[in-house]
Amino acid sequence: MATHPITLTVNGSQRQGQVEPRRLLVHYLRDELGLTGTHIGCETSQCGACTVILNGQAVKSCTVFAVQADGGQVMTIEGLAQDGQLHPIQEGFWEEHGLQCGFCTPGMILSTYDLLLKNPDPSEQEIRHALHGNLCRCTGYQHIVKSVQYAANKMKGAPAVAD
Amino acid sequence: MTAHAVIGKSIARVDGRDKVTGQTRYTGDLRLPGMLWAKPVLSQHARAQITGIDTAAARAIPGVVDVVTAADVLAVAPNAREQMLLAIDRVNFYGQPVAVVLGETEAAAEEGAAAVAVAYEELPAAVETLAAMDTNAPTVKEAPEADDETAGMHATVEGGAEQPKRELPANVSNSVRFERGDVAAGFAAADHIVERTYRTMRVHQSYIEPQSAVAAVDPFGNLQIWSSTQAMFYVRSATARALGRPETEVKATGMPVGGGFGAKFMRLEPLTAALALKTGRPVRLVLDRTDDYLSTTPAPESIIELKTGVTNDGLITAIQARVIMDGGANGGSPMSVACLLLGGYYRTDNLLVEGYEVLTNKPNPGAYRAPGAPQGTFAIESNVAEMAAAVGQDPIEFRLKNCAVEGDPLPNGQPWPSIGLKECLEQLRDHPAYREWRSDGRGEGVGVAIGGWLMGVEPSAATCRLNADGTLTVLLGAQDISGTYTGFTQLAAEAFGMPLDRIKVIAGDSDAAPYAGGAGGSKITYTVGPSVIQAAQDARRQVIEIAADMLEAAAEDLEIADGEVRVKGAPDQKRTIAEIAQSGMRFGGKYKPVTGMGQTATVERAPGFAAHLVRVRVDPETGQTALTGYIAAQDVGFAINPEEVIGQIRGGVAQGIGWAILEGMVYDEEGRLQNPSLLDYALPNAENVPPVETVLVEKPAQWGPFGAKGVGEPPVIPGAAAIANAISAAVGTRVTELPITPERLITAMRNGAGGNGAVR
């Protein structure tokens, strides 16, 4: 099968590759760039484990072709912490018990990133709506909601949520 | 209550940083040099003879390395015949693996699998559970034998006479009968009788990480397996057995599990190992979501006929049930667990519970969080709600009056040990919401249900090593699927008297780790926890002994604080823990390396109970149910890490909501699964799972670590019944079939609820 050259910026570094047109972005990230923090849970864009940020928007990378990301900016879970400092969202998920098995966690965190970019002060309903395309089988979601609230407060400079 | 340094506190998970940064490596993330990608070819029929497998087109695809069928597997693993790693001559369910294509890339393997042409000669299949019980039904297995229940690993069931074989239809593979008293007399003494037939569908564990395994082999045939497993020692033993090899030639490593819920004891490992043996190369087998739904082991469908009698003053006079569970093509349903719980929650002098497992041409059922309990509980707790209503009593008071307490018999005659069932019910009764929430019969409804779990037990050991920097490494053979390593870190820190950040709990592989059973049956904290405590105490004792010798002091005069061992009252007389560790870790050292060991073999179980209070709003036009309030009380013995315990409870509640209103695997008449994807199989999401208030009851377990009981399974048990009871209160129609989808509810409301039973 013919391949296409692509150039994209992933977590701040420029990457070049040759990909088949059928190559999914998630496979490119995992298999060619070794960024295995992006997970595959369903292949039908229901579970959200493969969520990454493409050009400032959360996308499910199992339903984006790598060639569609050509020229774009991608951030995966590996690119969120800066200089060894966890992002407030990561901190929130850790501190507020927003994870158990961890398989959905990178996608949850990046969907949260997308939400807080657009809506820095979401209500609980807005958080639940924004995350309804990310499935978690372990937590029952409530600690995840608290994790998002923790991050929103921290990013506003306010103290973290009390229990 | 004793003050504790670090237990009883909600510390953040020890594996949290890796998980929030994408650094946790799951099985599917492994890449080994020369690794092949595997893609299975699944049966397209529920029952058929395989008349040919044409692999030529697949082999012609660039990148396809091999196409493996049962004959190839049997050549490297003669014992594999009974394991049916791949179908041998005949397929017995739609989705059964028939062949595997191995490719240099995932894409090549997938293309190859699509190109394998399997010729079948279709045979009549037994699909529907009750129809398969008919004596004229196609026989699924020529000579069915009673299989060990998969659930046996989760809750050991003893007692119960087996039904006489000759009287049973050919597809009945297992049966039990529990009896005491005289149910006819019990019903004669009743003022009201509730008689219903309940049905539940197959429900899939639906872990977000699909089943996955990687295997490699050296030139001498030594196998190494990395897999998403809850039970690496089981993987080692069962793989060795399946492949006809000594256990010493199989090394299993349990990788982080991306959700298991009972389904990941062992699934793909023997096949993946056989593929590595066949090719001499590492092999990665990770199912995609559809193949996972088609070929793995969900909770079985059930049909439960239940008749209960009650007097006007609210005493249960008799419980009679017939429990039928679908055993798929090879059996393994938790039928007898359902029987024990259904007949065990309440006191009655007259009991007759019969259980049957029926084979069908569908995948085998497997363990799913509290196997058998949601089904049995849905039945008994629905009947109990109707009995309470029939005699005009408050549903919680009715339960308090009849519920089992310590010493009351289970259906198998064994007495319940200390249980916290009453305490959970009392918590709900006394909760303000119980007075505030009201049913109106016009869409608002409140429901209650209880559920309990017997809990598994298994011996375990733990070791720990004091390191040269004064930190302590605890080595375990138990997999962490629910935060247990965080709790163990707390237990070890508490027992040694060391800060949390000086403790590291690690999982060893099957060559190196001390033994522990599989992470199932809610037993890891309960059974491994005491070993961790002992090991840390043992290490502490050795540290004190060495320090006593060094300081020429009596051991009882020493104390451990701030990373030092000091003589009480003479703080200058001290050695750091690091110095003590180093004294046993150098050339010519005179002290033994500090190495702690703990071992336990508790056979006393500490059953866990939960009681749930639910409020729903049903749209009478659409039949849509929304959960508008949820309170879960649970006896956890002692919460080592309360927020983690609460997280377990809420996760279990969410899965119970799935059972109640969302989840079900749909098979057509030919036995083909109609919804093998997350597009068509509905999981609970952030919008339909409500906030859940948790109430922790702490009735200590005698042998649990600091009194802790298992917490993983009880919270999934009452949900379906509690929600069904709330829906019934909301609309005045009782639905006896799960899940209670809008379609099912509207149909029941139109037909009335008389079709599947009666209250009289």
# chains A, B, ... in the order shown; residues from 1 in each chain; ligands from 1
>>> residues_around(residues="region 77-80 of chain A", least_positions_apart="4", cutoff="6 Å", atoms="only C-alpha atoms", output="MDAnalysis selection string")
(chainID A and resid 11 106) or (chainID B and resid 21:22)
>>> select_by_dssp(residues="region 18-52 of chain B", states="helix (DSSP H, G or I)", output="number ranges by chain")
B: 18-20, 27-29
>>> write_last_selection(atoms="C-alpha atoms", output="PDB file, in the first residue's frame")
ATOM      1  CA  ASP B  18       2.121   6.630  36.584  1.00  0.00           C
ATOM      2  CA  LYS B  19      -1.535   6.387  35.661  1.00  0.00           C
ATOM      3  CA  VAL B  20      -2.172  10.135  35.308  1.00  0.00           C
ATOM      4  CA  THR B  27       0.004  -5.695  28.349  1.00  0.00           C
ATOM      5  CA  GLY B  28      -1.009  -4.270  24.981  1.00  0.00           C
ATOM      6  CA  ASP B  29       1.746  -1.655  25.276  1.00  0.00           C
TER       7      ASP B  29
END
>>> residues_around(residues="Val116 (chain B)", least_positions_apart="3", cutoff="7 Å", atoms="only C-alpha atoms", output="JSON, numbers by chain")
{"B": [54, 55, 57, 58, 112, 113]}
>>> write_last_selection(atoms="C-alpha atoms", output="PDB file, in the first residue's frame")
ATOM      1  CA  ASP B  54      -8.546 -22.543   3.484  1.00  0.00           C
ATOM      2  CA  THR B  55      -5.599 -20.413   4.524  1.00  0.00           C
ATOM      3  CA  ALA B  57      -5.492 -16.377   0.526  1.00  0.00           C
ATOM      4  CA  ALA B  58      -4.478 -15.279   4.005  1.00  0.00           C
ATOM      5  CA  GLY B 112      -5.159 -12.130   6.988  1.00  0.00           C
ATOM      6  CA  ALA B 113      -7.912 -13.045   9.428  1.00  0.00           C
TER       7      ALA B 113
END
>>> closest_residue(among="A:Gln14, A:Asn153, A:Ser123, A:Asn55", to="Gly72 (chain A)", atoms="only C-alpha atoms")
A:Asn55
>>> closest_atom_pairs(of="chain B", to="chain A", cutoff="8 Å", atoms="only C-alpha atoms", output="CSV")
residue,atom,partner,partner_atom,distance
B:Ala12,CA,A:Glu95,CA,5.5
B:Arg13,CA,A:Trp94,CA,7.0
B:Gly16,CA,A:Trp94,CA,5.4
B:Arg17,CA,A:Trp94,CA,6.8
B:Lys19,CA,A:Gly102,CA,5.4
B:Val20,CA,A:Gln90,CA,5.4
B:Thr21,CA,A:Glu78,CA,5.7
B:Gly22,CA,A:Gly37,CA,3.9
B:Gln23,CA,A:Gly37,CA,6.2
B:Thr24,CA,A:Gly37,CA,7.3
B:Arg25,CA,A:Thr36,CA,7.5
B:Asp29,CA,A:Thr36,CA,5.8
B:Ser206,CA,A:Arg137,CA,7.4
B:Tyr207,CA,A:Arg137,CA,6.3
B:Ile208,CA,A:Gly41,CA,5.3
B:Glu209,CA,A:Gly41,CA,5.5
B:Pro210,CA,A:Gly41,CA,6.5
B:Pro256,CA,A:Cys101,CA,7.7
B:Val257,CA,A:Cys101,CA,6.4
B:Gly258,CA,A:Cys101,CA,5.0
B:Gly259,CA,A:Cys101,CA,5.7
B:Asp288,CA,A:Cys42,CA,6.8
B:Arg289,CA,A:Cys42,CA,5.0
B:Thr290,CA,A:Cys42,CA,7.9
B:Ile481,CA,A:Cys101,CA,6.6
B:Ser482,CA,A:Gln100,CA,6.4
B:Gly483,CA,A:Gln100,CA,6.8
B:Glu643,CA,A:His97,CA,7.1
B:Glu644,CA,A:His97,CA,6.9
B:Gly647,CA,A:Thr139,CA,5.5
B:Gln648,CA,A:Thr139,CA,6.7
B:Arg650,CA,A:Gly140,CA,4.9
B:Gly651,CA,A:Gly140,CA,4.2
B:Gly652,CA,A:Gly140,CA,7.4
B:Val653,CA,A:Gly140,CA,7.0
B:Ala654,CA,A:Gly140,CA,5.1
B:Gln655,CA,A:Arg137,CA,7.4
B:Ser677,CA,A:Cys42,CA,7.3
B:Leu678,CA,A:Gln46,CA,6.0
B:Leu679,CA,A:Gln46,CA,6.5
B:Leu683,CA,A:Leu135,CA,7.6
B:Pro684,CA,A:Leu135,CA,7.6
B:Asn685,CA,A:His132,CA,5.5
B:Ala686,CA,A:His132,CA,5.0
B:Glu687,CA,A:Arg128,CA,5.4
B:Val689,CA,A:Gly140,CA,6.8
B:Pro691,CA,A:Gln142,CA,6.1
B:Val692,CA,A:Gln142,CA,7.6
>>> closest_residue(among="A:Glu20, A:Gln73, A:Asn119, A:Leu25", to="Gly56 (chain A)", atoms="only C-alpha atoms")
A:Gln73
